[in-house]
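Dropping final33.pdb in here (PDB, C-alpha atoms):
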MODEL        1
ATOM      1  CA  MET S   1     120.127  91.114  67.834
ATOM      2  CA  THR S   2     122.202  88.040  68.708
ATOM      3  CA  ASP S   3     121.040  85.589  71.374
ATOM      4  CA  GLY S   4     124.123  86.325  73.485
ATOM      5  CA  PHE S   5     123.444  90.055  73.389
ATOM      6  CA  VAL S   6     119.806  89.594  74.439
ATOM      7  CA  GLU S   7     120.809  87.321  77.317
ATOM      8  CA  TYR S   8     123.469  89.694  78.688
ATOM      9  CA  TYR S   9     121.210  92.708  78.138
ATOM     10  CA  GLU S  10     118.548  91.126  80.377
ATOM     11  CA  THR S  11     121.250  90.421  82.977
ATOM     12  CA  PHE S  12     122.411  94.040  82.680
ATOM     13  CA  LYS S  13     118.873  95.294  83.351
ATOM     14  CA  ASP S  14     118.552  93.084  86.442
ATOM     15  CA  ALA S  15     121.901  94.303  87.763
ATOM     16  CA  ARG S  16     120.902  97.893  87.022
ATOM     17  CA  ALA S  17     117.718  97.478  89.096
ATOM     18  CA  ASP S  18     119.819  96.098  91.975
ATOM     19  CA  ALA S  19     122.197  99.060  91.731
ATOM     20  CA  VAL S  20     119.297 101.549  91.754
ATOM     21  CA  ALA S  21     117.845  99.923  94.874
ATOM     22  CA  GLN S  22     121.277  99.911  96.520
ATOM     23  CA  ILE S  23     121.789 103.634  95.841
ATOM     24  CA  LYS S  24     118.350 104.463  97.244
ATOM     25  CA  ARG S  25     119.253 102.758 100.547
ATOM     26  CA  ILE S  26     122.252 105.051 100.931
ATOM     27  CA  ALA S  27     120.043 108.108 101.572
ATOM     28  CA  ASP S  28     118.698 106.614 104.810
ATOM     29  CA  ALA S  29     122.069 105.392 106.122
ATOM     30  CA  SER S  30     124.925 107.125 107.910
ATOM     31  CA  GLY S  31     128.385 106.477 109.228
ATOM     32  CA  ASP S  32     129.937 103.084 108.658
ATOM     33  CA  ARG S  33     126.682 101.676 107.309
ATOM     34  CA  LYS S  34     126.599 104.362 104.646
ATOM     35  CA  ASN S  35     130.231 103.738 103.713
ATOM     36  CA  GLN S  36     129.465 100.036 103.367
ATOM     37  CA  LEU S  37     126.427 100.719 101.139
ATOM     38  CA  VAL S  38     128.494 103.092  98.977
ATOM     39  CA  ARG S  39     131.160 100.432  98.484
ATOM     40  CA  GLU S  40     128.510  97.851  97.631
ATOM     41  CA  ALA S  41     126.890 100.261  95.169
ATOM     42  CA  ARG S  42     130.262 100.906  93.529
ATOM     43  CA  GLY S  43     130.682  97.154  93.239
ATOM     44  CA  LYS S  44     127.279  96.924  91.554
ATOM     45  CA  ILE S  45     128.268  99.654  89.094
ATOM     46  CA  GLU S  46     131.588  97.916  88.348
ATOM     47  CA  GLU S  47     129.606  94.738  87.714
ATOM     48  CA  LEU S  48     127.412  96.709  85.304
ATOM     49  CA  GLU S  49     130.534  97.984  83.561
ATOM     50  CA  ARG S  50     131.731  94.387  83.091
ATOM     51  CA  TYR S  51     128.381  93.463  81.579
ATOM     52  CA  TYR S  52     128.600  96.541  79.383
ATOM     53  CA  ARG S  53     132.003  95.444  78.035
ATOM     54  CA  ILE S  54     130.555  91.995  77.333
ATOM     55  CA  LEU S  55     127.648  93.619  75.485
ATOM     56  CA  GLU S  56     130.150  95.627  73.422
ATOM     57  CA  GLN S  57     131.786  92.384  72.320
ATOM     58  CA  GLU S  58     128.428  90.735  71.571
ATOM     59  CA  ALA S  59     127.368  93.800  69.535
ATOM     60  CA  LYS S  60     130.127  93.048  67.020
ATOM     61  CA  GLY S  61     128.204  90.026  65.695
ATOM     62  CA  GLY S  62     125.127  89.804  63.512
ATOM     63  CA  ASP S  63     124.207  91.596  60.317
ATOM     64  CA  ALA S  64     124.187  95.353  59.715
ATOM     65  CA  GLN S  65     120.593  95.829  60.897
ATOM     66  CA  ALA S  66     121.186  93.839  64.087
ATOM     67  CA  LYS S  67     124.369  95.812  64.758
ATOM     68  CA  ARG S  68     122.478  99.099  64.514
ATOM     69  CA  LYS S  69     119.898  97.885  67.032
ATOM     70  CA  MET S  70     122.584  96.621  69.414
ATOM     71  CA  GLN S  71     124.523  99.882  69.154
ATOM     72  CA  SER S  72     121.339 101.745  70.056
ATOM     73  CA  GLN S  73     120.882  99.530  73.132
ATOM     74  CA  LEU S  74     124.530 100.075  74.077
ATOM     75  CA  ARG S  75     124.019 103.835  74.064
ATOM     76  CA  VAL S  76     121.084 103.389  76.452
ATOM     77  CA  CYS S  77     123.206 101.201  78.711
ATOM     78  CA  GLN S  78     126.021 103.732  78.719
ATOM     79  CA  ALA S  79     123.602 106.530  79.633
ATOM     80  CA  ASP S  80     122.238 104.383  82.491
ATOM     81  CA  LEU S  81     125.757 103.784  83.778
ATOM     82  CA  GLU S  82     126.588 107.484  83.780
ATOM     83  CA  LYS S  83     123.311 108.281  85.530
ATOM     84  CA  LEU S  84     123.951 105.655  88.217
ATOM     85  CA  LYS S  85     127.459 107.001  88.825
ATOM     86  CA  ASN S  86     126.149 110.537  89.204
ATOM     87  CA  ASN S  87     123.378 109.407  91.555
ATOM     88  CA  LEU S  88     125.853 107.425  93.637
ATOM     89  CA  ASP S  89     128.208 110.393  93.970
ATOM     90  CA  LYS S  90     125.303 112.629  94.954
ATOM     91  CA  GLU S  91     123.926 110.205  97.548
ATOM     92  CA  ALA S  92     127.382 109.620  98.949
ATOM     93  CA  LEU S  93     127.857 113.343  99.556
ATOM     94  CA  LEU S  94     124.353 113.979 100.920
ATOM     95  CA  GLY S  95     122.360 112.520 103.781
ATOM     96  CA  ASN S  96     121.971 113.547 107.399
ATOM     97  CA  GLY S  97     124.036 116.677 106.799
ATOM     98  CA  ARG S  98     127.336 114.808 107.070
ATOM     99  CA  LEU S  99     129.978 113.897 104.530
ATOM    100  CA  ALA S 100     130.133 110.168 104.178
ATOM    101  CA  VAL S 101     132.017 109.625 100.997
ATOM    102  CA  ALA S 102     133.715 106.324 100.530
ATOM    103  CA  PRO S 103     136.789 107.319  98.537
ATOM    104  CA  ARG S 104     137.955 104.966  95.860
ATOM    105  CA  THR S 105     141.121 103.052  96.447
ATOM    106  CA  ALA S 106     143.997 103.316  93.977
ATOM    107  CA  GLN S 107     143.002  99.918  92.583
ATOM    108  CA  GLU S 108     139.397 101.040  92.094
ATOM    109  CA  GLN S 109     140.504 104.270  90.426
ATOM    110  CA  ALA S 110     142.833 102.332  88.104
ATOM    111  CA  ALA S 111     140.032  99.886  87.283
ATOM    112  CA  ALA S 112     137.609 102.741  86.576
ATOM    113  CA  TYR S 113     140.201 104.477  84.401
ATOM    114  CA  GLN S 114     140.894 101.247  82.534
ATOM    115  CA  ALA S 115     137.166 100.704  82.063
ATOM    116  CA  GLY S 116     136.829 104.199  80.614
ATOM    117  CA  MET S 117     139.770 103.571  78.293
ATOM    118  CA  ASP S 118     138.260 100.250  77.240
ATOM    119  CA  ARG S 119     134.949 101.943  76.436
ATOM    120  CA  THR S 120     136.693 104.670  74.462
ATOM    121  CA  THR S 121     138.756 102.108  72.555
ATOM    122  CA  GLY S 122     135.642 100.059  71.911
ATOM    123  CA  HIS S 123     133.779 103.092  70.582
ATOM    124  CA  LEU S 124     136.692 103.971  68.287
ATOM    125  CA  THR S 125     136.891 100.385  67.057
ATOM    126  CA  ASP S 126     133.154 100.325  66.416
ATOM    127  CA  ALA S 127     133.362 103.656  64.591
ATOM    128  CA  LYS S 128     136.187 102.353  62.379
ATOM    129  CA  ARG S 129     134.254  99.163  61.716
ATOM    130  CA  THR S 130     131.140 101.150  60.831
ATOM    131  CA  ILE S 131     133.150 103.336  58.458
ATOM    132  CA  GLY S 132     134.618 100.217  56.873
ATOM    133  CA  GLU S 133     131.145  98.721  56.452
ATOM    134  CA  ILE S 134     129.899 101.945  54.880
ATOM    135  CA  ASP S 135     132.860 101.949  52.485
ATOM    136  CA  GLU S 136     132.175  98.313  51.619
ATOM    137  CA  ILE S 137     128.500  99.081  50.997
ATOM    138  CA  ALA S 138     129.473 102.025  48.799
ATOM    139  CA  VAL S 139     131.838  99.802  46.778
ATOM    140  CA  ASN S 140     129.114  97.165  46.409
ATOM    141  CA  VAL S 141     126.631  99.814  45.285
ATOM    142  CA  ASP S 142     129.093 101.142  42.704
ATOM    143  CA  THR S 143     129.749  97.604  41.474
ATOM    144  CA  ASN S 144     126.032  96.838  41.241
ATOM    145  CA  LEU S 145     125.410 100.092  39.380
ATOM    146  CA  ALA S 146     128.201  99.276  36.941
ATOM    147  CA  ILE S 147     126.736  95.801  36.384
ATOM    148  CA  GLN S 148     123.243  97.238  35.889
ATOM    149  CA  ARG S 149     124.627  99.819  33.466
ATOM    150  CA  GLU S 150     126.373  97.058  31.518
ATOM    151  CA  HIS S 151     123.124  95.063  31.421
ATOM    152  CA  LEU S 152     121.200  98.096  30.189
ATOM    153  CA  GLU S 153     123.792  98.809  27.499
ATOM    154  CA  ARG S 154     123.695  95.168  26.452
ATOM    155  CA  ALA S 155     119.890  95.225  26.388
ATOM    156  CA  GLN S 156     119.975  98.422  24.319
ATOM    157  CA  GLY S 157     122.385  96.737  21.906
ATOM    158  CA  ASN S 158     120.050  93.735  21.696
ATOM    159  CA  VAL S 159     117.111  96.044  20.995
ATOM    160  CA  ASP S 160     119.043  97.806  18.235
ATOM    161  CA  ALA S 161     120.109  94.487  16.733
ATOM    162  CA  THR S 162     116.525  93.208  16.903
ATOM    163  CA  ARG S 163     115.272  96.372  15.226
ATOM    164  CA  GLU S 164     117.837  95.922  12.432
ATOM    165  CA  ASP S 165     116.819  92.262  12.049
ATOM    166  CA  VAL S 166     113.152  93.263  11.843
ATOM    167  CA  GLN S 167     113.898  95.881   9.201
ATOM    168  CA  GLU S 168     115.984  93.370   7.247
ATOM    169  CA  ALA S 169     113.235  90.749   7.531
ATOM    170  CA  ARG S 170     110.685  93.334   6.378
ATOM    171  CA  GLY S 171     112.852  94.025   3.317
ATOM    172  CA  HIS S 172     113.058  90.289   2.583
ATOM    173  CA  LEU S 173     109.293  89.965   2.891
ATOM    174  CA  ARG S 174     108.738  92.845   0.509
ATOM    175  CA  SER S 175     111.188  91.292  -1.943
ATOM    176  CA  LEU S 176     109.424  87.928  -1.669
ATOM    177  CA  ALA S 177     106.060  89.630  -2.158
ATOM    178  CA  ARG S 178     107.314  91.334  -5.330
ATOM    179  CA  LYS S 179     108.714  88.045  -6.613
ATOM    180  CA  ALA S 180     105.475  86.236  -5.807
ATOM    181  CA  PHE S 181     103.439  88.927  -7.599
ATOM    182  CA  THR S 182     105.749  88.708 -10.622
ATOM    183  CA  ASN S 183     105.468  84.904 -10.636
ATOM    184  CA  ILE S 184     101.667  85.113 -10.469
ATOM    185  CA  ILE S 185     101.572  87.503 -13.439
ATOM    186  CA  LEU S 186     103.941  85.215 -15.336
ATOM    187  CA  LEU S 187     101.801  82.174 -14.533
ATOM    188  CA  TRP S 188      98.674  83.964 -15.751
ATOM    189  CA  PHE S 189     100.496  84.963 -18.910
ATOM    190  CA  ILE S 190     101.527  81.352 -19.505
ATOM    191  CA  ILE S 191      97.991  80.117 -18.791
ATOM    192  CA  LEU S 192      96.510  82.645 -21.209
ATOM    193  CA  ALA S 193      99.116  81.739 -23.802
ATOM    194  CA  LEU S 194      98.281  78.048 -23.405
ATOM    195  CA  VAL S 195      94.559  78.734 -23.645
ATOM    196  CA  ALA S 196      95.113  80.835 -26.758
ATOM    197  CA  GLY S 197      97.239  78.083 -28.245
ATOM    198  CA  ILE S 198      94.599  75.473 -27.508
ATOM    199  CA  VAL S 199      91.851  77.628 -28.999
ATOM    200  CA  TYR S 200      93.956  78.316 -32.060
ATOM    201  CA  ALA S 201      94.697  74.602 -32.496
ATOM    202  CA  LEU S 202      91.020  73.672 -32.234
ATOM    203  CA  VAL S 203      89.958  76.394 -34.634
ATOM    204  CA  TYR S 204      92.664  75.428 -37.070
ATOM    205  CA  LYS S 205      91.710  71.753 -36.797
ATOM    206  CA  PHE S 206      88.024  72.428 -37.571
ATOM    207  CA  TYR S 207      89.007  74.722 -40.381
ATOM    208  CA  LEU S 208      91.088  72.007 -42.040
ATOM    209  CA  ARG S 209      88.348  69.401 -41.615
ATOM    210  CA  TYR S 210      85.615  71.421 -43.366
ATOM    211  CA  HIS S 211      87.716  72.819 -46.112
TER     212      HIS S 211
ENDMDL
END

Is it possible to give me this structure as structure tokens?
Amino acid sequence: MTDGFVEYYETFKDARADAVAQIKRIADASGDRKNQLVREARGKIEELERYYRILEQEAKGGDAQAKRKMQSQLRVCQADLEKLKNNLDKEALLGNGRLAVAPRTAQEQAAAYQAGMDRTTGHLTDAKRTIGEIDEIAVNVDTNLAIQREHLERAQGNVDATREDVQEARGHLRSLARKAFTNIILLWFIILALVAGIVYALVYKFYLRYH
């Protein structure tokens, strides 16, 4: 996760704890005091929504693994927001047997609607980005597979060429061995012929001397 995301996530958790404590105080209040606590709690939740939008922006950075972790944290934050809203609505309607709901103003309703639209747009943008990343990964995998296949085919061609070279070299060695064997036989024949000639010359020389 990015440093900015971690920092704002810690701030979000602190603000969430404040909102939880604020909502708990509503149960023991009534009348104008309760209305005031409800408005303050709604302000806390709106503050949490602002932090949530900041976290959505921070979650767009980092690598794929960091993005997955940040998206998981965002889902937890969104669930906490929904739970706080439900608890606030329940506490605003209950308590001392009297209705003490602090209705939202038109500005608050518009802000809440805009926040919901922003979250929806952010989720759609993230989904499109994730799909694009998956497509990019798939293209990279196909490219890598094609490169590996080319390398394997080239290696197979090199193996075949090496095998042909070895067979050709083996043929040359056999040919050289035959030639060497023939040359050895020829040399022995020449040596024997020379020895026979020398013996004949010596015998002939002695024969002429004594006759």

Matched chain/residue IDs from the PyMOL selection byres ((chain S and resi 61) around 12), as an MDAnalysis selection string: chainID S and resid 1:5 55:60 62:71 126 129

May I have the residues within 7 Å of range 17-20 of chain S as a list in words, using all atoms listed in the file and disregarding those fewer than 2 positions away in the same chain? Lys13, Asp14, Ala15, Gln22, Ile23, Lys24, Ala41, Lys44 and Ile45 of chain S

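Going from CA of Asp89 in chain S to CA of Glu47 in chain S covers 16.9 Å.
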
Show me, as JSON, numbers by chain, the residues that have an atom within 8 Å of range 34-40 of chain S when counting only C-alpha atoms, minus same-chain residues fewer than 2 positions from it. {"S": [22, 23, 25, 26, 29, 30, 31, 32, 42, 43, 44, 88, 92, 100, 101, 102]}

Nearest candidate to Tyr9 in chain S (options S:Thr105, S:Arg50, S:Gln148, S:Val166; using only C-alpha atoms):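 The shortest atom-to-atom distance to Tyr9 in chain S comes from S:Arg50.
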
So that all listed atoms of range 176-187 of chain S fit with 3 Å spare on each side, what axis-aligned box centre and edge lengths in Å, to one decimal, would you give as AutoDock Vina command-line options?
--center_x 105.5 --center_y 86.8 --center_z -8.5 --size_x 13.9 --size_y 15.2 --size_z 19.7

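If you look at CA of Glu164 in chain S and CA of Ile147 in chain S, they are 25.6 Å away from each other.
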
S:Lys90, S:Phe181, S:Glu49, S:Asp28: which is nearest Gln78 in chain S, counting all atoms listed in the file?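 Answer, going by the shortest atom-to-atom distance: S:Glu49.
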
In Å, how far is it from CA of Thr121 in chain S to CA of Arg53 in chain S? 11.0 Å

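Residue nearest His123 in chain S, chosen from S:Ala110, S:Val203, S:Leu74, S:Leu192 and counting only C-alpha atoms: S:Leu74.
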